[in-house]
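One file, coords-v4.cif, carrying mmCIF, C-alpha atoms:
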```cif
data_upload
#
loop_
_atom_site.label_atom_id
_atom_site.label_comp_id
_atom_site.auth_asym_id
_atom_site.auth_seq_id
_atom_site.Cartn_x
_atom_site.Cartn_y
_atom_site.Cartn_z
CA GLY A 47 17.71 -4.92 -20.72
CA ALA A 48 17.60 -8.71 -20.66
CA ALA A 49 15.63 -10.48 -17.95
CA THR A 50 17.50 -11.95 -14.98
CA ASN A 51 16.12 -15.06 -13.24
CA TYR A 52 16.30 -15.92 -9.54
CA SER A 53 15.28 -19.22 -7.95
CA ILE A 54 12.46 -19.11 -5.38
CA GLY A 55 10.08 -21.64 -3.80
CA GLY A 56 7.23 -23.57 -5.42
CA TRP A 57 4.49 -21.62 -7.15
CA GLY A 58 5.42 -18.11 -6.15
CA ARG A 59 2.24 -16.11 -5.73
CA ILE A 60 2.60 -12.59 -4.30
CA ILE A 61 5.69 -10.41 -4.34
CA VAL A 62 6.33 -7.27 -2.28
CA ALA A 63 9.18 -4.75 -2.28
CA GLY A 64 10.66 -2.88 0.67
CA ASP A 65 13.96 -2.01 2.34
CA LEU A 66 14.25 -5.05 4.59
CA ASN A 67 17.81 -4.51 5.87
CA GLY A 68 17.79 -0.73 6.24
CA ASP A 69 20.42 0.12 3.63
CA GLY A 70 18.16 2.27 1.45
CA LEU A 71 17.83 -0.33 -1.35
CA LEU A 72 14.57 -2.08 -2.20
CA ASP A 73 14.60 -5.78 -1.35
CA LEU A 74 12.00 -8.41 -2.26
CA ALA A 75 9.85 -11.03 -0.53
CA VAL A 76 7.81 -13.72 -2.33
CA SER A 77 5.09 -15.99 -0.91
CA ASN A 78 5.11 -19.57 -2.24
CA TRP A 79 1.87 -21.53 -2.28
CA LEU A 80 3.27 -25.00 -2.93
CA SER A 81 6.38 -24.95 -0.74
CA ASN A 82 4.63 -23.20 2.19
CA ASN A 83 7.29 -20.55 2.72
CA VAL A 84 8.39 -17.05 1.88
CA ASN A 85 11.59 -16.15 0.04
CA VAL A 86 13.57 -13.02 0.92
CA LEU A 87 15.94 -11.62 -1.71
CA ILE A 88 18.29 -8.89 -0.47
CA ASN A 89 19.35 -6.20 -2.94
CA THR A 90 23.16 -6.16 -3.19
CA GLY A 91 23.34 -2.96 -5.27
CA GLY A 92 22.95 -2.16 -8.93
CA GLY A 93 19.64 -4.02 -8.99
CA ALA A 94 21.22 -7.43 -8.31
CA PHE A 95 19.94 -9.71 -5.54
CA ALA A 96 21.55 -12.28 -3.28
CA ALA A 97 20.32 -15.86 -3.33
CA SER A 98 16.92 -16.18 -1.70
CA VAL A 99 16.57 -17.20 1.94
CA ASN A 100 13.52 -19.26 2.94
CA TYR A 101 11.30 -18.74 5.97
CA VAL A 102 8.38 -20.97 6.96
CA LEU A 103 5.09 -19.05 6.95
CA GLY A 104 2.41 -21.74 7.02
CA ALA A 105 0.50 -23.90 4.55
CA ASN A 106 -0.61 -22.55 1.17
CA GLY A 107 0.69 -19.02 1.56
CA MET A 108 -1.25 -16.81 -0.82
CA GLY A 109 -1.31 -13.19 0.29
CA LEU A 110 1.72 -11.24 1.48
CA THR A 111 2.06 -7.74 2.86
CA ILE A 112 4.79 -5.69 4.48
CA GLY A 113 4.92 -3.26 7.41
CA ASP A 114 6.61 -2.35 10.67
CA TYR A 115 4.15 -4.17 12.91
CA ASP A 116 6.22 -3.92 16.11
CA ASN A 117 7.27 -0.26 15.60
CA ASP A 118 10.99 -1.00 15.95
CA GLY A 119 11.99 0.76 12.72
CA ASP A 120 12.35 -2.20 10.36
CA LEU A 121 9.92 -3.96 8.03
CA ASP A 122 8.19 -7.21 8.96
CA LEU A 123 6.15 -9.58 6.79
CA ALA A 124 2.59 -10.91 7.14
CA SER A 125 1.10 -13.74 5.10
CA ALA A 126 -2.40 -15.13 4.56
CA ASN A 127 -2.19 -18.93 4.82
CA GLY A 128 -5.10 -20.63 3.12
CA ALA A 129 -4.82 -24.15 4.54
CA GLY A 130 -4.27 -22.99 8.12
CA GLY A 131 -6.93 -20.28 8.31
CA THR A 132 -4.40 -17.88 9.78
CA VAL A 133 -2.44 -14.72 9.20
CA ARG A 134 1.19 -15.28 10.16
CA VAL A 135 3.69 -12.53 10.98
CA ILE A 136 7.48 -12.87 10.94
CA PHE A 137 9.49 -10.12 12.60
CA ASN A 138 12.63 -8.57 11.17
CA SER A 139 15.85 -8.56 13.18
CA GLY A 140 16.77 -5.30 11.44
CA ALA A 141 19.28 -6.95 9.13
CA GLY A 142 16.75 -8.49 6.77
CA THR A 143 16.61 -11.80 8.64
CA PHE A 144 13.44 -13.06 10.29
CA GLY A 145 12.40 -15.10 13.31
CA ALA A 146 9.73 -17.74 13.77
CA ALA A 147 6.21 -16.91 12.65
CA VAL A 148 3.46 -15.84 15.04
CA SER A 149 -0.04 -16.98 14.02
CA TYR A 150 -3.38 -15.20 14.33
CA PRO A 151 -6.62 -17.06 13.47
CA VAL A 152 -8.86 -15.51 10.82
CA GLY A 153 -11.61 -16.95 8.61
CA SER A 154 -11.62 -19.96 6.29
CA ASN A 155 -9.00 -20.16 3.53
CA PRO A 156 -7.58 -16.59 3.59
CA THR A 157 -6.11 -15.69 0.20
CA SER A 158 -4.92 -12.10 0.55
CA VAL A 159 -4.02 -9.58 3.23
CA THR A 160 -3.62 -5.80 3.40
CA THR A 161 -1.96 -3.41 5.86
CA GLY A 162 -3.32 -0.09 7.16
CA ASP A 163 -3.86 1.91 10.32
CA PHE A 164 -7.61 1.40 10.47
CA ASN A 165 -8.21 3.02 13.87
CA GLY A 166 -5.73 5.89 13.59
CA ASP A 167 -3.67 5.03 16.66
CA GLY A 168 -0.30 5.01 14.89
CA LEU A 169 -0.10 1.20 14.92
CA LEU A 170 -0.43 -0.85 11.75
CA ASP A 171 -3.39 -3.20 11.51
CA LEU A 172 -4.13 -6.13 9.17
CA ALA A 173 -7.18 -7.24 7.18
CA ALA A 174 -7.43 -10.63 5.48
CA ALA A 175 -9.86 -11.79 2.79
CA ASN A 176 -11.26 -15.27 3.47
CA ASN A 177 -11.96 -17.18 0.28
CA GLY A 178 -13.73 -20.01 2.09
CA GLY A 179 -15.98 -17.88 4.24
CA SER A 180 -17.04 -14.92 2.08
CA SER A 181 -15.67 -12.59 4.71
CA VAL A 182 -12.82 -10.32 5.73
CA SER A 183 -11.09 -10.51 9.10
CA VAL A 184 -9.74 -7.31 10.70
CA LEU A 185 -6.93 -7.60 13.24
CA LEU A 186 -6.15 -4.35 15.08
CA GLY A 187 -2.58 -3.87 16.24
CA THR A 188 -2.22 -3.54 20.00
CA GLY A 189 1.51 -2.67 20.13
CA GLY A 190 4.74 -4.63 20.19
CA GLY A 191 3.71 -6.63 17.13
CA ALA A 192 0.63 -8.16 18.77
CA PHE A 193 -2.90 -8.08 17.36
CA ALA A 194 -6.37 -8.31 18.88
CA ALA A 195 -8.68 -11.19 17.95
CA ALA A 196 -10.09 -10.98 14.45
CA VAL A 197 -13.43 -9.29 13.80
CA ASN A 198 -15.20 -10.63 10.71
CA TYR A 199 -17.31 -8.80 8.12
CA THR A 200 -19.35 -10.40 5.34
CA VAL A 201 -18.44 -9.69 1.69
CA GLY A 202 -18.98 -11.49 -1.61
CA SER A 203 -17.64 -14.99 -2.22
CA GLY A 204 -14.03 -15.65 -3.15
CA PRO A 205 -12.64 -12.27 -2.01
CA TYR A 206 -9.27 -10.56 -2.55
CA ILE A 207 -8.61 -7.38 -0.56
CA THR A 208 -7.15 -3.87 -0.73
CA SER A 209 -7.50 -0.71 1.36
CA GLY A 210 -7.78 3.06 0.88
CA ASP A 211 -9.81 6.12 1.89
CA PHE A 212 -12.79 5.69 -0.44
CA ASP A 213 -15.09 8.28 1.16
CA GLY A 214 -12.51 11.02 1.75
CA ASP A 215 -13.10 11.35 5.48
CA GLY A 216 -9.50 10.74 6.53
CA ASP A 217 -9.60 7.09 7.60
CA ILE A 218 -8.85 3.84 5.76
CA ASP A 219 -11.66 1.75 4.25
CA LEU A 220 -11.62 -1.73 2.65
CA ALA A 221 -12.51 -3.10 -0.79
CA THR A 222 -12.67 -6.71 -1.98
CA ALA A 223 -12.80 -8.23 -5.46
CA ASN A 224 -15.05 -11.28 -5.19
CA GLY A 225 -14.20 -13.96 -7.74
CA GLY A 226 -17.05 -16.27 -6.76
CA SER A 227 -19.85 -13.69 -6.94
CA ASN A 228 -18.30 -11.42 -9.63
CA THR A 229 -18.72 -8.34 -7.46
CA VAL A 230 -16.70 -5.70 -5.64
CA SER A 231 -17.54 -5.09 -1.96
CA ILE A 232 -16.83 -1.72 -0.29
CA LEU A 233 -16.66 -1.55 3.51
CA ILE A 234 -16.55 1.97 4.95
CA ASN A 235 -14.64 2.64 8.16
CA THR A 236 -17.08 4.03 10.71
CA SER A 237 -15.78 7.08 12.60
CA GLY A 238 -12.16 6.00 12.13
CA ALA A 239 -12.41 3.48 14.96
CA GLY A 240 -11.42 0.45 12.90
CA THR A 241 -14.96 -0.92 12.68
CA PHE A 242 -16.66 -1.20 9.32
CA SER A 243 -20.14 -0.81 7.89
CA THR A 244 -22.08 -3.51 6.09
CA ALA A 245 -20.56 -4.13 2.67
CA VAL A 246 -22.06 -2.47 -0.41
CA ASN A 247 -21.65 -4.65 -3.51
CA TYR A 248 -21.07 -3.63 -7.14
CA ALA A 249 -21.16 -5.87 -10.23
CA ALA A 250 -17.84 -6.43 -12.01
CA GLY A 251 -16.26 -8.96 -14.42
CA ALA A 252 -16.08 -12.74 -14.14
CA GLY A 253 -13.57 -14.54 -11.94
CA LEU A 254 -12.07 -11.53 -10.13
CA GLN A 255 -8.61 -12.35 -8.75
CA SER A 256 -6.99 -9.08 -7.67
CA VAL A 257 -7.94 -5.52 -6.80
CA VAL A 258 -6.16 -2.16 -6.50
CA ALA A 259 -7.21 1.34 -5.41
CA ALA A 260 -6.08 4.50 -7.20
CA ASP A 261 -7.44 7.82 -8.47
CA LEU A 262 -7.82 6.66 -12.07
CA ASP A 263 -9.75 9.69 -13.36
CA GLY A 264 -7.90 12.41 -11.46
CA ASP A 265 -10.94 13.79 -9.64
CA GLY A 266 -9.56 13.47 -6.11
CA ASP A 267 -11.22 10.25 -4.95
CA LEU A 268 -10.07 6.63 -5.05
CA ASP A 269 -11.44 4.34 -7.73
CA VAL A 270 -11.17 0.54 -7.87
CA ALA A 271 -9.77 -1.73 -10.58
CA THR A 272 -9.93 -5.53 -10.72
CA ALA A 273 -8.29 -8.22 -12.84
CA ASN A 274 -10.78 -10.82 -14.05
CA SER A 275 -9.48 -14.29 -14.98
CA GLY A 276 -12.90 -15.59 -16.00
CA SER A 277 -13.48 -12.95 -18.68
CA ASN A 278 -9.89 -12.02 -19.60
CA SER A 279 -10.66 -8.45 -18.70
CA ALA A 280 -10.17 -5.69 -16.16
CA SER A 281 -13.05 -3.86 -14.48
CA ILE A 282 -12.83 -0.23 -13.38
CA LEU A 283 -15.34 1.18 -10.90
CA PHE A 284 -15.22 4.97 -10.72
CA ASN A 285 -15.96 6.51 -7.35
CA THR A 286 -19.10 8.69 -7.47
CA THR A 287 -19.60 9.06 -3.71
CA PRO A 288 -21.10 12.50 -2.86
CA MET A 289 -18.69 13.46 -0.09
CA ASN A 290 -20.14 15.67 2.63
CA VAL A 291 -17.93 18.16 4.46
CA LEU A 292 -19.42 20.55 7.01
CA GLY A 293 -22.86 20.16 5.45
CA ASN A 294 -21.83 21.08 1.91
CA LEU A 295 -21.91 19.05 -1.30
CA PRO A 296 -19.25 19.11 -4.04
CA PRO A 297 -17.97 20.83 -5.97
CA PHE A 298 -16.25 22.75 -3.21
CA THR A 299 -13.74 25.55 -3.47
CA PRO A 300 -10.95 25.85 -2.75
CA ARG A 301 -9.77 22.42 -3.79
CA PRO A 302 -6.17 21.20 -4.08
CA THR A 303 -4.65 22.24 -7.40
CA THR A 304 -1.65 19.94 -7.20
CA THR A 305 -0.90 16.48 -5.95
CA PRO A 306 1.15 16.53 -2.75
CA LEU A 307 4.71 17.65 -3.36
CA MET A 308 7.03 15.28 -1.54
CA ASN A 309 10.12 17.33 -0.70
CA THR A 310 12.64 14.59 0.06
CA MET A 311 15.41 15.72 2.39
CA ASN A 312 18.75 14.12 3.23
CA VAL A 313 18.27 10.37 3.81
CA GLY A 314 21.63 9.89 5.52
CA THR A 315 21.47 8.24 8.94
CA PRO A 316 24.03 7.28 11.58
CA SER A 317 25.99 4.11 10.92
CA GLY A 318 23.93 1.03 11.69
CA SER A 319 20.59 2.85 11.60
CA PRO A 320 17.91 2.05 9.02
CA VAL A 321 17.70 4.47 6.13
CA LYS A 322 14.53 6.55 6.38
CA VAL A 323 13.00 9.25 4.18
CA PRO A 324 12.10 12.48 5.99
CA THR A 325 9.76 14.57 3.86
CA ASN A 326 7.63 17.65 3.77
CA ILE A 327 4.22 17.19 2.14
CA ASP A 328 2.96 20.38 0.49
CA VAL A 329 -0.61 20.75 -0.80
CA THR A 330 -1.53 23.92 -2.70
CA PHE A 331 -5.15 25.07 -2.99
CA SER A 332 -6.94 27.25 -5.53
CA GLN A 333 -7.61 29.97 -2.93
CA ASN A 334 -5.82 31.36 0.11
CA LEU A 335 -6.61 29.46 3.29
CA ALA A 336 -8.09 30.74 6.53
CA PRO A 337 -5.48 31.34 9.27
CA TRP A 338 -6.81 28.53 11.48
CA VAL A 339 -5.88 25.96 8.81
CA PHE A 340 -2.20 26.45 9.62
CA THR A 341 -2.49 26.27 13.40
CA ASN A 342 -1.46 23.40 15.64
CA GLY A 343 -3.51 24.48 18.66
CA ALA A 344 -7.11 23.85 19.65
CA SER A 345 -9.50 22.32 17.11
CA PRO A 346 -10.31 23.26 14.40
CA ASN A 347 -6.71 23.14 13.27
CA ALA A 348 -4.40 21.67 10.66
CA ARG A 349 -4.71 18.17 12.14
CA ASP A 350 -8.40 18.29 11.24
CA VAL A 351 -7.59 19.30 7.66
CA MET A 352 -4.87 16.94 6.43
CA LYS A 353 -4.64 13.24 7.32
CA VAL A 354 -1.39 11.50 6.38
CA PHE A 355 -1.04 7.71 6.48
CA GLY A 356 2.04 5.60 5.86
CA THR A 357 1.51 2.04 4.69
CA THR A 358 4.69 0.36 5.97
CA SER A 359 5.69 2.48 8.97
CA ARG A 360 3.63 3.89 11.83
CA GLY A 361 0.35 4.27 9.94
CA TYR A 362 -1.38 7.56 10.83
CA ARG A 363 0.95 10.52 11.31
CA SER A 364 -0.34 12.83 14.04
CA GLY A 365 1.52 15.60 15.82
CA THR A 366 2.12 19.30 15.32
CA GLY A 367 4.18 19.38 12.15
CA PHE A 368 1.94 21.76 10.19
CA SER A 369 2.90 25.15 8.77
CA GLY A 370 2.35 27.34 5.72
CA ALA A 371 0.81 30.55 4.46
CA GLY A 372 -1.35 31.76 1.62
CA ALA A 373 -2.65 28.81 -0.39
CA THR A 374 -0.09 26.14 0.61
CA LEU A 375 -0.35 23.87 3.65
CA THR A 376 2.80 21.97 4.67
CA PHE A 377 3.10 18.88 6.83
CA THR A 378 6.55 17.95 8.17
CA THR A 379 6.57 14.41 9.48
CA THR A 380 8.27 13.61 12.76
CA ALA A 381 8.15 9.86 12.01
CA ASN A 382 9.99 9.34 8.74
CA PHE A 383 8.88 7.08 5.92
CA ASN A 384 10.54 4.01 4.43
CA PRO A 385 12.14 4.08 0.97
CA GLY A 386 9.47 3.17 -1.60
CA GLU A 387 6.61 3.59 0.89
CA GLN A 388 3.12 4.35 -0.42
CA VAL A 389 1.75 7.40 1.42
CA TRP A 390 -1.94 8.36 1.44
CA VAL A 391 -2.92 12.00 2.00
CA THR A 392 -6.53 13.09 2.56
CA VAL A 393 -7.60 16.74 2.69
CA THR A 394 -10.92 16.82 4.51
CA ASN A 395 -12.27 20.20 5.64
CA ALA A 396 -9.93 23.12 4.97
CA GLN A 397 -11.52 26.54 4.54
CA SER A 398 -10.71 29.60 2.43
CA THR A 399 -10.31 33.12 3.81
CA GLY A 400 -13.80 33.80 2.42
CA GLY A 401 -15.31 30.90 4.39
CA ALA A 402 -15.70 28.36 1.55
CA ASN A 403 -15.10 24.74 2.57
CA THR A 404 -12.93 22.31 0.65
CA ARG A 405 -14.06 19.37 -1.33
CA PRO A 406 -12.51 16.18 0.11
CA PHE A 407 -9.46 15.13 -1.85
CA VAL A 408 -7.50 11.86 -1.58
CA MET A 409 -4.00 11.63 -2.99
CA GLY A 410 -1.34 8.96 -3.09
CA VAL A 411 2.41 9.43 -3.46
CA GLN A 412 5.43 7.17 -3.12
CA THR A 413 8.71 8.04 -1.46
CA ARG A 414 11.94 7.82 -3.45
CA ALA A 415 10.34 6.23 -6.49
CA GLY A 416 12.97 7.63 -8.87
CA VAL A 417 13.35 10.82 -10.86
CA GLY A 418 13.04 9.64 -14.45
CA PRO A 419 11.51 11.65 -17.31
CA ALA A 420 7.92 10.57 -16.44
CA THR A 421 7.26 9.54 -20.04
CA PHE A 422 6.38 6.16 -21.51
CA PHE A 423 7.78 4.62 -24.65
CA PRO A 424 7.18 1.38 -26.61
CA MET A 425 8.79 -1.63 -24.99
CA PRO A 426 9.41 -5.08 -26.45
CA GLY A 427 8.13 -8.20 -24.73
CA TYR A 428 10.45 -10.06 -22.37
CA ALA A 429 10.54 -13.80 -21.73
CA THR A 430 9.73 -14.84 -18.17
CA GLY A 431 8.74 -18.14 -16.59
CA SER A 432 5.53 -19.74 -17.76
CA THR A 433 2.26 -18.81 -16.06
CA SER A 434 3.22 -15.54 -14.38
CA THR A 435 1.52 -15.25 -11.00
CA GLY A 436 2.63 -11.96 -9.45
CA ALA A 437 4.61 -8.79 -10.04
CA ALA A 438 6.14 -5.87 -8.14
CA THR A 439 7.64 -2.64 -9.42
CA GLY A 440 10.31 -0.39 -7.96
CA ASP A 441 13.52 1.41 -8.80
CA PHE A 442 15.72 -1.48 -7.67
CA ASN A 443 18.97 -0.06 -9.07
CA TYR A 444 18.22 3.64 -8.35
CA ASP A 445 18.71 4.83 -11.92
CA GLY A 446 15.45 6.81 -11.96
CA TYR A 447 13.51 4.17 -13.93
CA LEU A 448 10.97 1.70 -12.61
CA ASP A 449 11.94 -1.97 -12.92
CA GLN A 450 9.64 -4.99 -12.73
CA PHE A 451 10.05 -8.25 -10.84
CA GLU A 452 7.76 -11.17 -11.72
CA THR A 453 7.05 -14.55 -10.16
CA ALA A 454 6.01 -17.53 -12.27
CA ARG A 455 4.80 -21.09 -11.90
CA SER A 456 6.77 -23.22 -14.33
CA SER A 457 8.57 -26.53 -14.67
CA SER A 458 12.11 -26.72 -13.33
CA PRO A 459 14.46 -29.45 -11.99
CA SER A 460 12.65 -29.46 -8.64
CA PRO A 461 8.86 -29.21 -8.13
CA PHE A 462 9.58 -26.84 -5.23
CA LYS A 463 11.57 -24.34 -7.28
CA SER A 464 10.12 -21.68 -9.55
CA PRO A 465 11.77 -18.73 -11.30
CA ALA A 466 11.46 -15.09 -10.36
CA THR A 467 12.44 -12.67 -13.12
CA MET A 468 13.86 -9.15 -12.98
CA ILE A 469 13.03 -6.97 -16.01
CA ARG A 470 14.91 -3.71 -16.36
CA PRO A 471 13.81 -1.13 -18.97
CA GLN A 472 16.23 0.28 -21.49
CA PRO A 473 16.14 4.10 -21.12
CA PRO A 474 14.81 5.85 -24.25
CA MET A 475 17.37 7.20 -26.67
CA GLU A 476 17.69 10.97 -26.69
#
```
Rewrite the coordinates I just gave you, this time as structure tokens.
Amino acid sequence: GAATNYSIGGWGRIIVAGDLNGDGLLDLAVSNWLSNNVNVLINTGGGAFAASVNYVLGANGMGLTIGDYDNDGDLDLASANGAGGTVRVIFNSGAGTFGAAVSYPVGSNPTSVTTGDFNGDGLLDLAAANNGGSSVSVLLGTGGGAFAAAVNYTVGSGPYITSGDFDGDGDIDLATANGGSNTVSILINTSGAGTFSTAVNYAAGAGLQSVVAADLDGDGDLDVATANSGSNSASILFNTTPMNVLGNLPPFTPRPTTTPLMNTMNVGTPSGSPVKVPTNIDVTFSQNLAPWVFTNGASPNARDVMKVFGTTSRGYRSGTGFSGAGATLTFTTTANFNPGEQVWVTVTNAQSTGGANTRPFVMGVQTRAGVGPATFFPMPGYATGSTSTGAATGDFNYDGYLDQFETARSSSPSPFKSPATMIRPQPPME
């Protein structure tokens, strides 16, 4: 369908999607570099959004991330503020409105920020990439929305950051795309304690400006892709890490034969409560599993086998919600996920009935992302504002198809107003 424009602040940079007011619809937040604020656009149904509401988040807001940092059941926002050398967090009232920002010092000129539970304590942590200091700053959550003082790690120059389990050991690592040194830095989480090893650097394209983690070749480990403004290209670095489990080297059997099956249950909640997504996560292997894999008792047990991390609520999911038989292991979460939440699942050291150990396997799924036909078809180009600077995807009108929302830096009546554009695909004709 035709693009729909919404007014936001000056030079919108990063856009994130999440259910900010707990009604089950995906809302939007945009960081604005020039006007030093963040815009919140609440979804009013059918993929339409209310007029944006502005919140001050500090000077030269570049990065933006989303998560329940105070564990009260709603989604908060965290921004990397380049001019102030801080990460600032604004806390959600539960209705999609936000209070005053709380600042945490990091390195020089932070340009991006990522969320993850780096030490596995069930509290979300933050990591910021510092463009002016060739470093990343890790802030571990201490509860109630507070964070410990930043710990800094050296990476390449001009970094942008993402996170994921790159070595398949069941904890969250870091990766940066370094625009000044044209490299990618990988920092491995040591023993799941939220401390990181010295960065290992890999050559990439010129002028790297963003980075994502995904299993691009379907082999069960996370690869890295960067966008390179200096060479008008994208770089893909395939993960070739030889993952060790119980002294064995891949290939291991049994290995998962399917991606996790997210069995979404009823999302109805009592009136006034945030909508959440309770799910079972099923992973099926190529061989029947040893009985201990399904147990919730003394180690070794199912908690040693499958590690489940949410990215916007609670982080690591522990507990005793494991069951199954034969070749399928099931995890039933006791702390439900948010609509549209990215969920990381790592299988580490399961064992077959014959004693064979699994190959590590990292998988990512998203809750309530729509139930379309999972096919792609040619699409025409759509006009947006000039100089697009950021994009987010999600099923904003819940029709089973992914929509796209873009921010742009372009001329308008006020230098502190830029357009944000909603693009909705036309379903293919039968």
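Residue nearest Gly225 (chain A), chosen from A:Phe212, A:Phe355, A:Phe95, A:Tyr206 and counting all atoms listed in the file: A:Tyr206.
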Separation of CA of Asp328 (chain A) from CA of Thr366 (chain A) in Å: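 Distance between the two atoms: 14.9 Å.
Atom to atom, CA of Thr376 (chain A) and CA of Phe164 (chain A) stand 23.8 Å apart.
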Selection under test: the PyMOL selection byres ((chain A and resi 167) around 9); residues as a short mmCIF file (atom, residue, chain, number, x, y, z; two decimals) with C-alpha atoms, in the coordinates of the input:
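That gives us selection_30.cif:
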```cif
data_model
loop_
_atom_site.label_atom_id
_atom_site.label_comp_id
_atom_site.auth_asym_id
_atom_site.auth_seq_id
_atom_site.Cartn_x
_atom_site.Cartn_y
_atom_site.Cartn_z
CA ASP A 163 -3.86 1.91 10.32
CA PHE A 164 -7.61 1.40 10.47
CA ASN A 165 -8.21 3.02 13.87
CA GLY A 166 -5.73 5.89 13.59
CA GLY A 168 -0.30 5.01 14.89
CA LEU A 169 -0.10 1.20 14.92
CA LEU A 170 -0.43 -0.85 11.75
CA GLY A 187 -2.58 -3.87 16.24
CA ARG A 360 3.63 3.89 11.83
CA GLY A 361 0.35 4.27 9.94
CA TYR A 362 -1.38 7.56 10.83
CA ARG A 363 0.95 10.52 11.31
CA SER A 364 -0.34 12.83 14.04
#
```
Give as a compact mmCIF listing (two decimals) with C-alpha atoms, keeping the file's coordinate frame each residue that has an atom at most 12 Å from (16.5, -17.1, 0.2) in the file, counting only C-alpha atoms.
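As a result, part08.txt now contains:
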```txt
# COMPACT_ATOMS: atom_id res chain seq x y z
CA TYR A 52 16.30 -15.92 -9.54
CA SER A 53 15.28 -19.22 -7.95
CA ILE A 54 12.46 -19.11 -5.38
CA GLY A 55 10.08 -21.64 -3.80
CA ASP A 73 14.60 -5.78 -1.35
CA LEU A 74 12.00 -8.41 -2.26
CA ALA A 75 9.85 -11.03 -0.53
CA VAL A 76 7.81 -13.72 -2.33
CA SER A 77 5.09 -15.99 -0.91
CA ASN A 78 5.11 -19.57 -2.24
CA ASN A 83 7.29 -20.55 2.72
CA VAL A 84 8.39 -17.05 1.88
CA ASN A 85 11.59 -16.15 0.04
CA VAL A 86 13.57 -13.02 0.92
CA LEU A 87 15.94 -11.62 -1.71
CA ILE A 88 18.29 -8.89 -0.47
CA ASN A 89 19.35 -6.20 -2.94
CA PHE A 95 19.94 -9.71 -5.54
CA ALA A 96 21.55 -12.28 -3.28
CA ALA A 97 20.32 -15.86 -3.33
CA SER A 98 16.92 -16.18 -1.70
CA VAL A 99 16.57 -17.20 1.94
CA ASN A 100 13.52 -19.26 2.94
CA TYR A 101 11.30 -18.74 5.97
CA VAL A 102 8.38 -20.97 6.96
CA GLY A 142 16.75 -8.49 6.77
CA THR A 143 16.61 -11.80 8.64
CA PHE A 144 13.44 -13.06 10.29
CA LYS A 463 11.57 -24.34 -7.28
CA ALA A 466 11.46 -15.09 -10.36
```
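Proximity of A:Ser158, A:Thr241, A:Gln333, A:Asn117 to Gly131 (chain A), computed with all atoms listed in the file, is greatest for A:Ser158.
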Radius query 12 Å about (9.1, 17.5, 12.3), atoms used: all atoms listed in the file, as a list in words: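 Neighbouring residues, ordered by chain and number, come to Met311, Pro324, Thr325, Asn326, Ile327, Arg363, Ser364, Gly365, Thr366, Gly367, Phe368, Ser369, Thr376, Phe377, Thr378, Thr379, Thr380, Ala381 and Asn382 of chain A.
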How would the residues just chosen look if you wrote them out with C-alpha atoms as a PDB file, in the frame of the given file?
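The file below, selection00.pdb, is the result:
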```pdb
ATOM      1  CA  MET A 311      15.410  15.720   2.390  1.00  0.00           C
ATOM      2  CA  PRO A 324      12.100  12.480   5.990  1.00  0.00           C
ATOM      3  CA  THR A 325       9.760  14.570   3.860  1.00  0.00           C
ATOM      4  CA  ASN A 326       7.630  17.650   3.770  1.00  0.00           C
ATOM      5  CA  ILE A 327       4.220  17.190   2.140  1.00  0.00           C
ATOM      6  CA  ARG A 363       0.950  10.520  11.310  1.00  0.00           C
ATOM      7  CA  SER A 364      -0.340  12.830  14.040  1.00  0.00           C
ATOM      8  CA  GLY A 365       1.520  15.600  15.820  1.00  0.00           C
ATOM      9  CA  THR A 366       2.120  19.300  15.320  1.00  0.00           C
ATOM     10  CA  GLY A 367       4.180  19.380  12.150  1.00  0.00           C
ATOM     11  CA  PHE A 368       1.940  21.760  10.190  1.00  0.00           C
ATOM     12  CA  SER A 369       2.900  25.150   8.770  1.00  0.00           C
ATOM     13  CA  THR A 376       2.800  21.970   4.670  1.00  0.00           C
ATOM     14  CA  PHE A 377       3.100  18.880   6.830  1.00  0.00           C
ATOM     15  CA  THR A 378       6.550  17.950   8.170  1.00  0.00           C
ATOM     16  CA  THR A 379       6.570  14.410   9.480  1.00  0.00           C
ATOM     17  CA  THR A 380       8.270  13.610  12.760  1.00  0.00           C
ATOM     18  CA  ALA A 381       8.150   9.860  12.010  1.00  0.00           C
ATOM     19  CA  ASN A 382       9.990   9.340   8.740  1.00  0.00           C
TER      20      ASN A 382
END
```
Expansion of the PyMOL selection byres ((chain A and resi 350) around 10) into residues, as number ranges by chain: A: 216, 339, 342, 345-349, 351-353, 393-396
CA of Thr208 (chain A) to CA of Leu220 (chain A), straight-line distance in Å: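 Here the two named atoms are 6.0 Å from each other.
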Exactly which residues make up the result of the PyMOL selection byres ((chain A and resi 192) around 10) on this file, given as a PDB file with C-alpha atoms, in the coordinates of the input?
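Final output, saved to part.pdb:
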```pdb
ATOM      1  CA  TYR A 115       4.150  -4.170  12.910  1.00  0.00           C
ATOM      2  CA  ASP A 116       6.220  -3.920  16.110  1.00  0.00           C
ATOM      3  CA  VAL A 135       3.690 -12.530  10.980  1.00  0.00           C
ATOM      4  CA  VAL A 148       3.460 -15.840  15.040  1.00  0.00           C
ATOM      5  CA  TYR A 150      -3.380 -15.200  14.330  1.00  0.00           C
ATOM      6  CA  ASP A 171      -3.390  -3.200  11.510  1.00  0.00           C
ATOM      7  CA  LEU A 185      -6.930  -7.600  13.240  1.00  0.00           C
ATOM      8  CA  LEU A 186      -6.150  -4.350  15.080  1.00  0.00           C
ATOM      9  CA  GLY A 187      -2.580  -3.870  16.240  1.00  0.00           C
ATOM     10  CA  THR A 188      -2.220  -3.540  20.000  1.00  0.00           C
ATOM     11  CA  GLY A 189       1.510  -2.670  20.130  1.00  0.00           C
ATOM     12  CA  GLY A 190       4.740  -4.630  20.190  1.00  0.00           C
ATOM     13  CA  GLY A 191       3.710  -6.630  17.130  1.00  0.00           C
ATOM     14  CA  PHE A 193      -2.900  -8.080  17.360  1.00  0.00           C
ATOM     15  CA  ALA A 194      -6.370  -8.310  18.880  1.00  0.00           C
ATOM     16  CA  ALA A 195      -8.680 -11.190  17.950  1.00  0.00           C
TER      17      ALA A 195
END
```
